[in-house]
Amino acid sequence: MSKTIKVALAGAGAFGIKHLDGIKNIDGVEVVSLVGRELEKTKEVATKYGIGHVTTDLAASLALPEVDAVILCTPTQMHASQTIACLNAGKHVQVEIPLADSWKDAEEVVRLAKQAGRVAMCGHTRRFNPSHQWVNHKIKAGEFNIQQMDVQTYFFRRTNMNALGQARSWTDHLLWHHAAHTVDLFAYQAGSPIVKANAVQGPIHPTLGIAMDMSIQLQAANGAICTLSLSFNNDGPLGTYFRYIGDTGTYLARYDDLYTGKEEQIDVSKVDVSMNGIELQDREFFAAIKEGREPNASVAQVLPCYKVLHQLELQLNAA
């Protein structure tokens, strides 16, 4: 496939803009359609990025014959149904994490993707961040094996706001969104499926209707363990911090920075062609389309993560 890949991007909010910034650095790709909830705000973003077609209806973008692929940066609750709509329209699709907010919907997306024969990928960005790639290369070279991962995912989000401080039209979720990153990354880095999973959660927020604090324990078939703490109540440094404890060292990953256990910084600038995990994720999506292959973080590859999330949800609901 030598022609330019023409893309529709749905969701012109904080994360959609991250994708637009990343795509600017990728040759052979053009965003031709932008879908947003509010037409005037979407037009502003489209003008800034030189996108000709603007709509508030994903179906209008899917009807454009020139569109080859779609990137979905829309609310969690829309991910599965919109991914299915893209596949039914014959488009390649990358949906931002999470793939779905139920096991049934996640299974249906994977079934349909196989049937449609299109590239279908989920934005499990941690697989692509240079810091985590560096650790993965060590593991694949047989130089490091995980004994334990200790992960903290912390936000201060007591009202329904996005990363830009704007009001959200939907409610974020610690389990189905934020835990998905670590549940998938742990199994991926351990190279072993998760066989045990336990969770407890704090009180349900009176207006948001979600738990604001959660603790998750995981064990892989090879014996490696993971402890994940999540909070929307944290009034301090925000983000996700990973401690890899292994047989030959300890590594601390903070987004795109990596340190030894003694706080010595490791240079990860040469791990890949960019330091931007979103851009690297998009590069993999477009390369898989051009090469006619399954991408890293295909919907099929990440499906086991959603089975674990489903099991944890059942546990939490029964508590």
# chains A, B, ... in the order shown; residues from 1 in each chain; ligands from 1
$ residues_around --residues "range 223-230 of chain A" --least-positions-apart "2" --cutoff "6 Å" --atoms "only C-alpha atoms" --output "VMD selection string"
chain A and resid 147 to 154 213 to 221
$ select_by_dssp --residues "range 21-269 of chain A" --states "alpha helix (DSSP H)" --output "PDB file with N, CA and C atoms, in the first residue's frame"
ATOM      1  N   ASP A  21      -1.302  15.862  16.824  1.00  0.00           N
ATOM      2  CA  ASP A  21       0.087  16.314  16.930  1.00  0.00           C
ATOM      3  C   ASP A  21       1.071  15.217  16.531  1.00  0.00           C
ATOM      4  N   GLY A  22       0.766  13.977  16.923  1.00  0.00           N
ATOM      5  CA  GLY A  22       1.637  12.861  16.562  1.00  0.00           C
ATOM      6  C   GLY A  22       1.610  12.562  15.079  1.00  0.00           C
ATOM      7  N   ILE A  23       0.421  12.594  14.489  1.00  0.00           N
ATOM      8  CA  ILE A  23       0.260  12.265  13.067  1.00  0.00           C
ATOM      9  C   ILE A  23       0.995  13.271  12.175  1.00  0.00           C
ATOM     10  N   LEU A  39     -19.899  21.437  17.193  1.00  0.00           N
ATOM     11  CA  LEU A  39     -19.465  21.757  15.830  1.00  0.00           C
ATOM     12  C   LEU A  39     -18.479  22.921  15.780  1.00  0.00           C
ATOM     13  N   GLU A  40     -18.760  24.014  16.470  1.00  0.00           N
ATOM     14  CA  GLU A  40     -17.898  25.198  16.368  1.00  0.00           C
ATOM     15  C   GLU A  40     -16.503  24.928  16.932  1.00  0.00           C
ATOM     16  N   LYS A  41     -16.438  24.249  18.086  1.00  0.00           N
ATOM     17  CA  LYS A  41     -15.132  23.913  18.667  1.00  0.00           C
ATOM     18  C   LYS A  41     -14.364  22.950  17.755  1.00  0.00           C
ATOM     19  N   THR A  42     -15.088  22.017  17.144  1.00  0.00           N
ATOM     20  CA  THR A  42     -14.462  21.055  16.236  1.00  0.00           C
ATOM     21  C   THR A  42     -13.930  21.770  15.003  1.00  0.00           C
ATOM     22  N   LYS A  43     -14.671  22.740  14.494  1.00  0.00           N
ATOM     23  CA  LYS A  43     -14.208  23.524  13.339  1.00  0.00           C
ATOM     24  C   LYS A  43     -12.915  24.273  13.666  1.00  0.00           C
ATOM     25  N   GLU A  44     -12.825  24.781  14.880  1.00  0.00           N
ATOM     26  CA  GLU A  44     -11.606  25.500  15.299  1.00  0.00           C
ATOM     27  C   GLU A  44     -10.388  24.576  15.243  1.00  0.00           C
ATOM     28  N   VAL A  45     -10.557  23.359  15.775  1.00  0.00           N
ATOM     29  CA  VAL A  45      -9.455  22.387  15.763  1.00  0.00           C
ATOM     30  C   VAL A  45      -9.122  21.995  14.319  1.00  0.00           C
ATOM     31  N   ALA A  46     -10.146  21.771  13.508  1.00  0.00           N
ATOM     32  CA  ALA A  46      -9.948  21.382  12.108  1.00  0.00           C
ATOM     33  C   ALA A  46      -9.179  22.464  11.344  1.00  0.00           C
ATOM     34  N   THR A  47      -9.513  23.713  11.588  1.00  0.00           N
ATOM     35  CA  THR A  47      -8.818  24.822  10.924  1.00  0.00           C
ATOM     36  C   THR A  47      -7.345  24.842  11.310  1.00  0.00           C
ATOM     37  N   LYS A  48      -7.076  24.643  12.592  1.00  0.00           N
ATOM     38  CA  LYS A  48      -5.693  24.648  13.079  1.00  0.00           C
ATOM     39  C   LYS A  48      -4.854  23.554  12.421  1.00  0.00           C
ATOM     40  N   TYR A  49      -5.471  22.390  12.189  1.00  0.00           N
ATOM     41  CA  TYR A  49      -4.725  21.247  11.649  1.00  0.00           C
ATOM     42  C   TYR A  49      -4.965  21.023  10.147  1.00  0.00           C
ATOM     43  N   LEU A  58     -20.303  10.570  13.405  1.00  0.00           N
ATOM     44  CA  LEU A  58     -19.306   9.615  12.899  1.00  0.00           C
ATOM     45  C   LEU A  58     -19.762   8.971  11.598  1.00  0.00           C
ATOM     46  N   ALA A  59     -21.048   8.694  11.476  1.00  0.00           N
ATOM     47  CA  ALA A  59     -21.569   8.049  10.253  1.00  0.00           C
ATOM     48  C   ALA A  59     -21.249   8.868   9.000  1.00  0.00           C
ATOM     49  N   ALA A  60     -21.225  10.197   9.134  1.00  0.00           N
ATOM     50  CA  ALA A  60     -20.909  11.060   7.983  1.00  0.00           C
ATOM     51  C   ALA A  60     -19.464  10.862   7.541  1.00  0.00           C
ATOM     52  N   SER A  61     -18.569  10.653   8.483  1.00  0.00           N
ATOM     53  CA  SER A  61     -17.166  10.378   8.145  1.00  0.00           C
ATOM     54  C   SER A  61     -17.011   8.988   7.542  1.00  0.00           C
ATOM     55  N   LEU A  62     -17.723   8.016   8.120  1.00  0.00           N
ATOM     56  CA  LEU A  62     -17.632   6.641   7.611  1.00  0.00           C
ATOM     57  C   LEU A  62     -18.185   6.532   6.195  1.00  0.00           C
ATOM     58  N   HIS A  79     -16.881   3.418  22.827  1.00  0.00           N
ATOM     59  CA  HIS A  79     -15.781   2.766  22.119  1.00  0.00           C
ATOM     60  C   HIS A  79     -16.204   1.518  21.348  1.00  0.00           C
ATOM     61  N   ALA A  80     -16.865   0.596  22.020  1.00  0.00           N
ATOM     62  CA  ALA A  80     -17.202  -0.676  21.374  1.00  0.00           C
ATOM     63  C   ALA A  80     -18.151  -0.466  20.196  1.00  0.00           C
ATOM     64  N   SER A  81     -19.237   0.288  20.408  1.00  0.00           N
ATOM     65  CA  SER A  81     -20.226   0.462  19.330  1.00  0.00           C
ATOM     66  C   SER A  81     -19.631   1.215  18.153  1.00  0.00           C
ATOM     67  N   GLN A  82     -18.775   2.191  18.419  1.00  0.00           N
ATOM     68  CA  GLN A  82     -18.165   2.943  17.314  1.00  0.00           C
ATOM     69  C   GLN A  82     -17.117   2.110  16.575  1.00  0.00           C
ATOM     70  N   THR A  83     -16.375   1.290  17.302  1.00  0.00           N
ATOM     71  CA  THR A  83     -15.415   0.392  16.650  1.00  0.00           C
ATOM     72  C   THR A  83     -16.145  -0.565  15.723  1.00  0.00           C
ATOM     73  N   ILE A  84     -17.254  -1.099  16.187  1.00  0.00           N
ATOM     74  CA  ILE A  84     -18.070  -2.003  15.364  1.00  0.00           C
ATOM     75  C   ILE A  84     -18.595  -1.276  14.132  1.00  0.00           C
ATOM     76  N   ALA A  85     -19.026  -0.021  14.294  1.00  0.00           N
ATOM     77  CA  ALA A  85     -19.513   0.759  13.149  1.00  0.00           C
ATOM     78  C   ALA A  85     -18.409   0.961  12.122  1.00  0.00           C
ATOM     79  N   CYS A  86     -17.191   1.232  12.570  1.00  0.00           N
ATOM     80  CA  CYS A  86     -16.055   1.421  11.658  1.00  0.00           C
ATOM     81  C   CYS A  86     -15.754   0.134  10.885  1.00  0.00           C
ATOM     82  N   LEU A  87     -15.729  -0.983  11.595  1.00  0.00           N
ATOM     83  CA  LEU A  87     -15.453  -2.271  10.943  1.00  0.00           C
ATOM     84  C   LEU A  87     -16.556  -2.629   9.952  1.00  0.00           C
ATOM     85  N   ASN A  88     -17.800  -2.369  10.333  1.00  0.00           N
ATOM     86  CA  ASN A  88     -18.918  -2.644   9.420  1.00  0.00           C
ATOM     87  C   ASN A  88     -18.869  -1.768   8.174  1.00  0.00           C
ATOM     88  N   TRP A 103     -17.147  -7.026  29.179  1.00  0.00           N
ATOM     89  CA  TRP A 103     -16.520  -8.191  28.547  1.00  0.00           C
ATOM     90  C   TRP A 103     -17.279  -8.610  27.287  1.00  0.00           C
ATOM     91  N   LYS A 104     -18.588  -8.566  27.343  1.00  0.00           N
ATOM     92  CA  LYS A 104     -19.415  -8.959  26.198  1.00  0.00           C
ATOM     93  C   LYS A 104     -19.096  -8.100  24.970  1.00  0.00           C
ATOM     94  N   ASP A 105     -19.002  -6.787  25.166  1.00  0.00           N
ATOM     95  CA  ASP A 105     -18.710  -5.886  24.047  1.00  0.00           C
ATOM     96  C   ASP A 105     -17.291  -6.084  23.527  1.00  0.00           C
ATOM     97  N   ALA A 106     -16.334  -6.310  24.421  1.00  0.00           N
ATOM     98  CA  ALA A 106     -14.948  -6.542  24.004  1.00  0.00           C
ATOM     99  C   ALA A 106     -14.856  -7.795  23.134  1.00  0.00           C
ATOM    100  N   GLU A 107     -15.530  -8.861  23.553  1.00  0.00           N
ATOM    101  CA  GLU A 107     -15.555 -10.107  22.767  1.00  0.00           C
ATOM    102  C   GLU A 107     -16.153  -9.881  21.376  1.00  0.00           C
ATOM    103  N   GLU A 108     -17.236  -9.097  21.320  1.00  0.00           N
ATOM    104  CA  GLU A 108     -17.919  -8.853  20.051  1.00  0.00           C
ATOM    105  C   GLU A 108     -17.036  -8.075  19.085  1.00  0.00           C
ATOM    106  N   VAL A 109     -16.295  -7.092  19.598  1.00  0.00           N
ATOM    107  CA  VAL A 109     -15.376  -6.324  18.751  1.00  0.00           C
ATOM    108  C   VAL A 109     -14.316  -7.245  18.152  1.00  0.00           C
ATOM    109  N   VAL A 110     -13.746  -8.106  18.955  1.00  0.00           N
ATOM    110  CA  VAL A 110     -12.686  -8.996  18.478  1.00  0.00           C
ATOM    111  C   VAL A 110     -13.237  -9.982  17.449  1.00  0.00           C
ATOM    112  N   ARG A 111     -14.425 -10.498  17.697  1.00  0.00           N
ATOM    113  CA  ARG A 111     -15.054 -11.421  16.736  1.00  0.00           C
ATOM    114  C   ARG A 111     -15.267 -10.742  15.388  1.00  0.00           C
ATOM    115  N   LEU A 112     -15.789  -9.526  15.436  1.00  0.00           N
ATOM    116  CA  LEU A 112     -16.087  -8.802  14.204  1.00  0.00           C
ATOM    117  C   LEU A 112     -14.817  -8.380  13.463  1.00  0.00           C
ATOM    118  N   ALA A 113     -13.779  -7.998  14.210  1.00  0.00           N
ATOM    119  CA  ALA A 113     -12.512  -7.599  13.592  1.00  0.00           C
ATOM    120  C   ALA A 113     -11.918  -8.756  12.795  1.00  0.00           C
ATOM    121  N   LYS A 114     -11.993  -9.956  13.361  1.00  0.00           N
ATOM    122  CA  LYS A 114     -11.481 -11.143  12.668  1.00  0.00           C
ATOM    123  C   LYS A 114     -12.275 -11.393  11.391  1.00  0.00           C
ATOM    124  N   GLN A 115     -13.576 -11.232  11.496  1.00  0.00           N
ATOM    125  CA  GLN A 115     -14.476 -11.463  10.358  1.00  0.00           C
ATOM    126  C   GLN A 115     -14.266 -10.406   9.265  1.00  0.00           C
ATOM    127  N   ALA A 116     -14.033  -9.147   9.684  1.00  0.00           N
ATOM    128  CA  ALA A 116     -13.924  -8.047   8.724  1.00  0.00           C
ATOM    129  C   ALA A 116     -12.591  -8.036   7.989  1.00  0.00           C
ATOM    130  N   PRO A 130       8.732   4.764  25.199  1.00  0.00           N
ATOM    131  CA  PRO A 130      10.133   4.322  25.151  1.00  0.00           C
ATOM    132  C   PRO A 130      10.636   3.731  26.461  1.00  0.00           C
ATOM    133  N   SER A 131      10.183   4.265  27.598  1.00  0.00           N
ATOM    134  CA  SER A 131      10.626   3.731  28.889  1.00  0.00           C
ATOM    135  C   SER A 131      10.242   2.260  29.040  1.00  0.00           C
ATOM    136  N   HIS A 132       9.001   1.935  28.701  1.00  0.00           N
ATOM    137  CA  HIS A 132       8.543   0.542  28.823  1.00  0.00           C
ATOM    138  C   HIS A 132       9.114  -0.334  27.710  1.00  0.00           C
ATOM    139  N   GLN A 133       9.328   0.249  26.531  1.00  0.00           N
ATOM    140  CA  GLN A 133       9.991  -0.500  25.455  1.00  0.00           C
ATOM    141  C   GLN A 133      11.395  -0.916  25.879  1.00  0.00           C
ATOM    142  N   TRP A 134      12.119  -0.005  26.538  1.00  0.00           N
ATOM    143  CA  TRP A 134      13.489  -0.297  26.990  1.00  0.00           C
ATOM    144  C   TRP A 134      13.488  -1.523  27.909  1.00  0.00           C
ATOM    145  N   VAL A 135      12.551  -1.546  28.846  1.00  0.00           N
ATOM    146  CA  VAL A 135      12.435  -2.687  29.762  1.00  0.00           C
ATOM    147  C   VAL A 135      12.082  -3.949  28.978  1.00  0.00           C
ATOM    148  N   ASN A 136      11.156  -3.816  28.003  1.00  0.00           N
ATOM    149  CA  ASN A 136      10.743  -4.968  27.199  1.00  0.00           C
ATOM    150  C   ASN A 136      11.912  -5.555  26.407  1.00  0.00           C
ATOM    151  N   HIS A 137      12.780  -4.695  25.874  1.00  0.00           N
ATOM    152  CA  HIS A 137      13.967  -5.179  25.144  1.00  0.00           C
ATOM    153  C   HIS A 137      14.874  -5.973  26.077  1.00  0.00           C
ATOM    154  N   LYS A 138      15.038  -5.495  27.304  1.00  0.00           N
ATOM    155  CA  LYS A 138      15.844  -6.206  28.305  1.00  0.00           C
ATOM    156  C   LYS A 138      15.271  -7.595  28.591  1.00  0.00           C
ATOM    157  N   ILE A 139      13.937  -7.643  28.706  1.00  0.00           N
ATOM    158  CA  ILE A 139      13.261  -8.913  28.986  1.00  0.00           C
ATOM    159  C   ILE A 139      13.447  -9.879  27.826  1.00  0.00           C
ATOM    160  N   LYS A 140      13.219  -9.376  26.602  1.00  0.00           N
ATOM    161  CA  LYS A 140      13.329 -10.238  25.415  1.00  0.00           C
ATOM    162  C   LYS A 140      14.756 -10.722  25.178  1.00  0.00           C
ATOM    163  N   ALA A 180      -6.877  -0.700  33.004  1.00  0.00           N
ATOM    164  CA  ALA A 180      -6.618  -1.437  31.751  1.00  0.00           C
ATOM    165  C   ALA A 180      -5.171  -1.270  31.295  1.00  0.00           C
ATOM    166  N   HIS A 181      -4.618  -0.060  31.461  1.00  0.00           N
ATOM    167  CA  HIS A 181      -3.223   0.177  31.067  1.00  0.00           C
ATOM    168  C   HIS A 181      -2.286  -0.802  31.759  1.00  0.00           C
ATOM    169  N   THR A 182      -2.424  -0.910  33.072  1.00  0.00           N
ATOM    170  CA  THR A 182      -1.474  -1.703  33.854  1.00  0.00           C
ATOM    171  C   THR A 182      -1.755  -3.198  33.761  1.00  0.00           C
ATOM    172  N   VAL A 183      -3.016  -3.590  33.746  1.00  0.00           N
ATOM    173  CA  VAL A 183      -3.355  -5.015  33.620  1.00  0.00           C
ATOM    174  C   VAL A 183      -2.757  -5.574  32.315  1.00  0.00           C
ATOM    175  N   ASP A 184      -2.916  -4.839  31.221  1.00  0.00           N
ATOM    176  CA  ASP A 184      -2.349  -5.283  29.949  1.00  0.00           C
ATOM    177  C   ASP A 184      -0.825  -5.248  29.981  1.00  0.00           C
ATOM    178  N   LEU A 185      -0.242  -4.151  30.485  1.00  0.00           N
ATOM    179  CA  LEU A 185       1.216  -4.010  30.487  1.00  0.00           C
ATOM    180  C   LEU A 185       1.885  -5.093  31.324  1.00  0.00           C
ATOM    181  N   PHE A 186       1.291  -5.431  32.470  1.00  0.00           N
ATOM    182  CA  PHE A 186       1.874  -6.453  33.343  1.00  0.00           C
ATOM    183  C   PHE A 186       1.970  -7.792  32.616  1.00  0.00           C
ATOM    184  N   ALA A 187       0.880  -8.228  31.998  1.00  0.00           N
ATOM    185  CA  ALA A 187       0.901  -9.511  31.272  1.00  0.00           C
ATOM    186  C   ALA A 187       1.876  -9.450  30.090  1.00  0.00           C
ATOM    187  N   TYR A 188       1.900  -8.317  29.398  1.00  0.00           N
ATOM    188  CA  TYR A 188       2.770  -8.118  28.234  1.00  0.00           C
ATOM    189  C   TYR A 188       4.249  -8.168  28.635  1.00  0.00           C
ATOM    190  N   GLN A 189       4.603  -7.471  29.698  1.00  0.00           N
ATOM    191  CA  GLN A 189       5.999  -7.429  30.132  1.00  0.00           C
ATOM    192  C   GLN A 189       6.417  -8.736  30.814  1.00  0.00           C
ATOM    193  N   ALA A 190       5.498  -9.343  31.539  1.00  0.00           N
ATOM    194  CA  ALA A 190       5.812 -10.622  32.188  1.00  0.00           C
ATOM    195  C   ALA A 190       5.904 -11.750  31.161  1.00  0.00           C
TER     196      ALA A 190
END
$ select_by_dssp --residues "range 84-310 of chain A" --states "strand (DSSP E)" --output "NGL selection string"
:A and (92-96 or 120-123 or 146-154 or 194-201 or 213-220 or 225-231 or 239-246 or 250-254 or 257-260 or 265-266)
$ closest_residue --among "A:Thr207, A:Thr248, A:Gln281, A:Ser231" --to "Thr260 in chain A" --atoms "only C-alpha atoms"
A:Thr248
$ atom_distance --atom1 "CA of Ala197 in chain A" --atom2 "CA of His177 in chain A"
16.6 Å
$ closest_residue --among "A:Ser102, A:Asn25, A:Asn222, A:Asn198" --to "Leu312 in chain A" --atoms "only C-alpha atoms"
A:Asn198
$ closest_residue --among "A:Leu303, A:Leu175, A:Ala12, A:Ile26" --to "Glu279 in chain A" --atoms "only C-alpha atoms"
A:Ile26
$ atom_distance --atom1 "CA of Arg158 in chain A" --atom2 "CA of Leu208 in chain A"
8.3 Å
$ closest_residue --among "A:Leu280, A:Ile210, A:Val271, A:Ile17" --to "Leu258 in chain A" --atoms "only C-alpha atoms"
A:Val271
